[in-house]
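First comes the structure, then the notes that go with it.
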Amino acid sequence: MKRILKLLLLLIPFFLFADAGTKPYKIISFVKRSTTDDIMLCANLDRYFMNSSAKLMKEHIKVTPKEEFGIKSYYDQICINGLKPRTQYSVTFDQALPIGKQHLDREYRFTLESGDYEPSFSFKESGYVLPAKGEISVPLESRNVQRVAVNLYRINQNNLMQAINNYSLRDSLARYELERIKDESGYLLWEKRLRINSVLNKKVVTAVPIGTALKKRKPGVYIVAAAPIGKDAEVDWYSAKTQWFMISDIGIFTLRGDKSLHIYTKHLSDASAYNGIKLELISKNNERLASTVSKNGYASFKSALLNGKDALAARALYAYGENGDFTVLDLSRQKLDLSDRGDNGRNP
């Protein structure tokens, strides 16, 4: 019995495509299809097909008004993509259109108006250091979204290593991860609902005004999460987008040598030396390995401190400035490598 079942499973693809080489295809419908980044018009065929060249297909498809377009195939669907939204197109499929080893049974002509982009929104970067002076806001880019719910979370420096180990202060967070931060390692600082000045099918950038919630800042890292609000006023937190950020005037630049980790501290506002910065070298298991204070915009740690094993390996550099100024540098991030630009540096 098992052998018969295995044989039937092997024969299923054969039966699905057995007639592909002998019977011309028919277009049974012509429909609009959209994603968050693409506008398409699609021909639905009467059965599946395989191994067709989009380049050859394009030579047998005429689109009016004339414009540059592409071809995408989805099993039993041929889609014309890269079109403009809400535009009426006339499309002709030539009978000789190559579909697998066959063609169409006749010429087809359709006229149909394309649709709108699917609603989308995102933060423009995975991580930010925002200026400590002036207006504090985070840009949210969206298209065809009218309302969003925004939550602001904070993780203090004592619980920060867990977030660095798990997310590198860059990864997007799911709903349950945001709930875990609120319940265990951080807290919900601020929540608000925003109306977006949306322009149909155009990308717009909205400044999320978070400065009012951060007048009294404490050392730590912040997360802003945005989720769309539906017509029934329900918030879809399962589709939330997240943005990590810090607010600081501390700029850190490091160089790793044979004997030391060299640290340069400057004001981000004017690039001048930022003196008196307390620097802490933190391990993966949140242990303070060493600390020092910058003088004349410079400090250093012995390289041996960075060579710990397992959970005692150095993972982050915490920097504390004046009036609660704070920033963190993830030491596991990819280093700046100039070797591909003709500068290998000096040998150790």
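Ligands are numbered from 1 in the order shown, residues from 1 within each chain, and chains are lettered A, B, ... in the order they appear in the structure tokens.
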Nearby residues (only C-alpha atoms) at most 10 Å from A:Ser137, same-chain spacing under 5 positions excluded, as a PyMOL selection string: chain A and resi 130-131+206-212
Surrounding residues of stretch 188-205 of chain A excluding itself and chain neighbours under 5 positions, 8 Å, only C-alpha atoms, as a ChimeraX atom specification: /A:85,116-117,139-154,182,213
For stretch 158-164 of chain A, work out the shell of residues within 8 Å, counting only C-alpha atoms and skipping chain neighbours fewer than 2 positions away, then give it as a PDB file with C-alpha atoms, in the first residue's frame.
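Generated file (selection.pdb):
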ATOM      1  CA  ILE A 155      14.730  49.937  28.425  1.00  0.00           C
ATOM      2  CA  ASN A 156      17.073  51.225  31.145  1.00  0.00           C
ATOM      3  CA  ASN A 166      18.733  39.305  21.477  1.00  0.00           C
ATOM      4  CA  TYR A 167      18.158  42.095  18.974  1.00  0.00           C
ATOM      5  CA  SER A 168      21.433  44.050  18.491  1.00  0.00           C
ATOM      6  CA  LEU A 169      19.281  47.188  19.016  1.00  0.00           C
ATOM      7  CA  SER A 185      12.746  44.412  30.886  1.00  0.00           C
ATOM      8  CA  GLY A 186      11.316  47.879  30.189  1.00  0.00           C
ATOM      9  CA  GLY A 220      18.673  53.837  28.313  1.00  0.00           C
ATOM     10  CA  VAL A 221      17.385  52.951  24.870  1.00  0.00           C
ATOM     11  CA  LYS A 284      27.440  39.500  27.360  1.00  0.00           C
ATOM     12  CA  ASN A 285      26.213  38.468  30.805  1.00  0.00           C
ATOM     13  CA  ASN A 286      25.852  42.124  31.849  1.00  0.00           C
ATOM     14  CA  ALA A 316      29.015  46.669  24.548  1.00  0.00           C
ATOM     15  CA  ASP A 330      27.526  47.358  20.232  1.00  0.00           C
TER      16      ASP A 330
END
Those in stretch 192-255 of chain A with strand (DSSP E or B) from DSSP, as JSON, numbers by chain: {"A": [192, 193, 194, 195, 203, 204, 205, 206, 207, 208, 209, 220, 221, 222, 223, 224, 225, 226, 227, 228, 229, 235, 241, 242, 243, 244, 245, 246, 247, 250, 251, 252, 253, 254, 255]}
Would you export the selected residues with C-alpha atoms as an mmCIF file, in the first residue's frame, please?
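As a result, result.cif now contains:
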data_model
loop_
_atom_site.group_PDB
_atom_site.id
_atom_site.type_symbol
_atom_site.label_atom_id
_atom_site.label_comp_id
_atom_site.auth_asym_id
_atom_site.auth_seq_id
_atom_site.Cartn_x
_atom_site.Cartn_y
_atom_site.Cartn_z
ATOM 1 C CA LYS A 192 -0.799 57.970 21.035
ATOM 2 C CA ARG A 193 -2.942 57.752 17.897
ATOM 3 C CA LEU A 194 -1.890 59.797 14.883
ATOM 4 C CA ARG A 195 -3.745 60.835 11.751
ATOM 5 C CA LYS A 203 4.600 57.908 -0.151
ATOM 6 C CA VAL A 204 4.496 60.481 2.621
ATOM 7 C CA VAL A 205 6.796 60.974 5.605
ATOM 8 C CA THR A 206 5.250 61.810 8.980
ATOM 9 C CA ALA A 207 7.289 63.040 11.941
ATOM 10 C CA VAL A 208 6.223 61.060 15.010
ATOM 11 C CA PRO A 209 6.448 63.678 17.824
ATOM 12 C CA GLY A 220 18.673 53.837 28.313
ATOM 13 C CA VAL A 221 17.385 52.951 24.870
ATOM 14 C CA TYR A 222 13.960 53.665 23.374
ATOM 15 C CA ILE A 223 11.711 51.767 20.984
ATOM 16 C CA VAL A 224 8.880 53.357 19.045
ATOM 17 C CA ALA A 225 6.300 50.949 17.605
ATOM 18 C CA ALA A 226 3.623 51.877 15.063
ATOM 19 C CA ALA A 227 0.623 49.807 13.981
ATOM 20 C CA PRO A 228 -2.196 50.537 11.494
ATOM 21 C CA ILE A 229 -5.696 51.383 12.687
ATOM 22 C CA VAL A 235 -5.269 48.393 16.085
ATOM 23 C CA LYS A 241 6.818 48.209 12.724
ATOM 24 C CA THR A 242 9.493 49.142 15.252
ATOM 25 C CA GLN A 243 12.341 51.629 15.477
ATOM 26 C CA TRP A 244 15.177 51.591 18.022
ATOM 27 C CA PHE A 245 16.726 54.916 18.962
ATOM 28 C CA MET A 246 18.783 56.798 21.517
ATOM 29 C CA ILE A 247 18.842 60.506 22.312
ATOM 30 C CA ILE A 250 27.744 61.714 22.706
ATOM 31 C CA GLY A 251 29.557 60.557 19.594
ATOM 32 C CA ILE A 252 31.875 57.550 20.001
ATOM 33 C CA PHE A 253 34.593 56.441 17.596
ATOM 34 C CA THR A 254 36.743 53.394 18.393
ATOM 35 C CA LEU A 255 39.940 51.900 16.996
#
Option closest in space to A:Phe93, from A:Cys42, A:Glu68, A:Ser114, A:Glu177 [counting only C-alpha atoms]: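 Ranking A:Cys42, A:Glu68, A:Ser114, A:Glu177 by distance to A:Phe93, first place goes to A:Cys42.
Each of A:Glu135, A:Asp37, A:Glu280, A:Asp105 was compared to A:Glu118 using only C-alpha atoms, and A:Asp37 turns out to be the nearest.
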Nearest-residue call for A:Thr36, choices A:Ser122, A:Ser300, A:Ser294, A:Gln88, using only C-alpha atoms: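 Of A:Ser122, A:Ser300, A:Ser294, A:Gln88, the one nearest A:Thr36, counting only C-alpha atoms, is A:Ser122.
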Nearby residues (only C-alpha atoms) at most 7 Å from stretch 53-67 of chain A, same-chain spacing under 5 positions excluded, as a list in words: Lys72, Tyr89, Ser90, Val91, Thr92, Phe93, Asp94, Ala96, Leu97 and Pro98 of chain A
Neighbour list for A:Ile78 as a list in words, cut-off 9 Å, only C-alpha atoms, skip fewer than 2 positions in-chain: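 What passes the distance filter is Leu41, Cys42, Ala43, Asn44, Leu45, Ile71, Lys72, Ser73, Tyr74, Tyr75, Asp76 and Ile80 of chain A.
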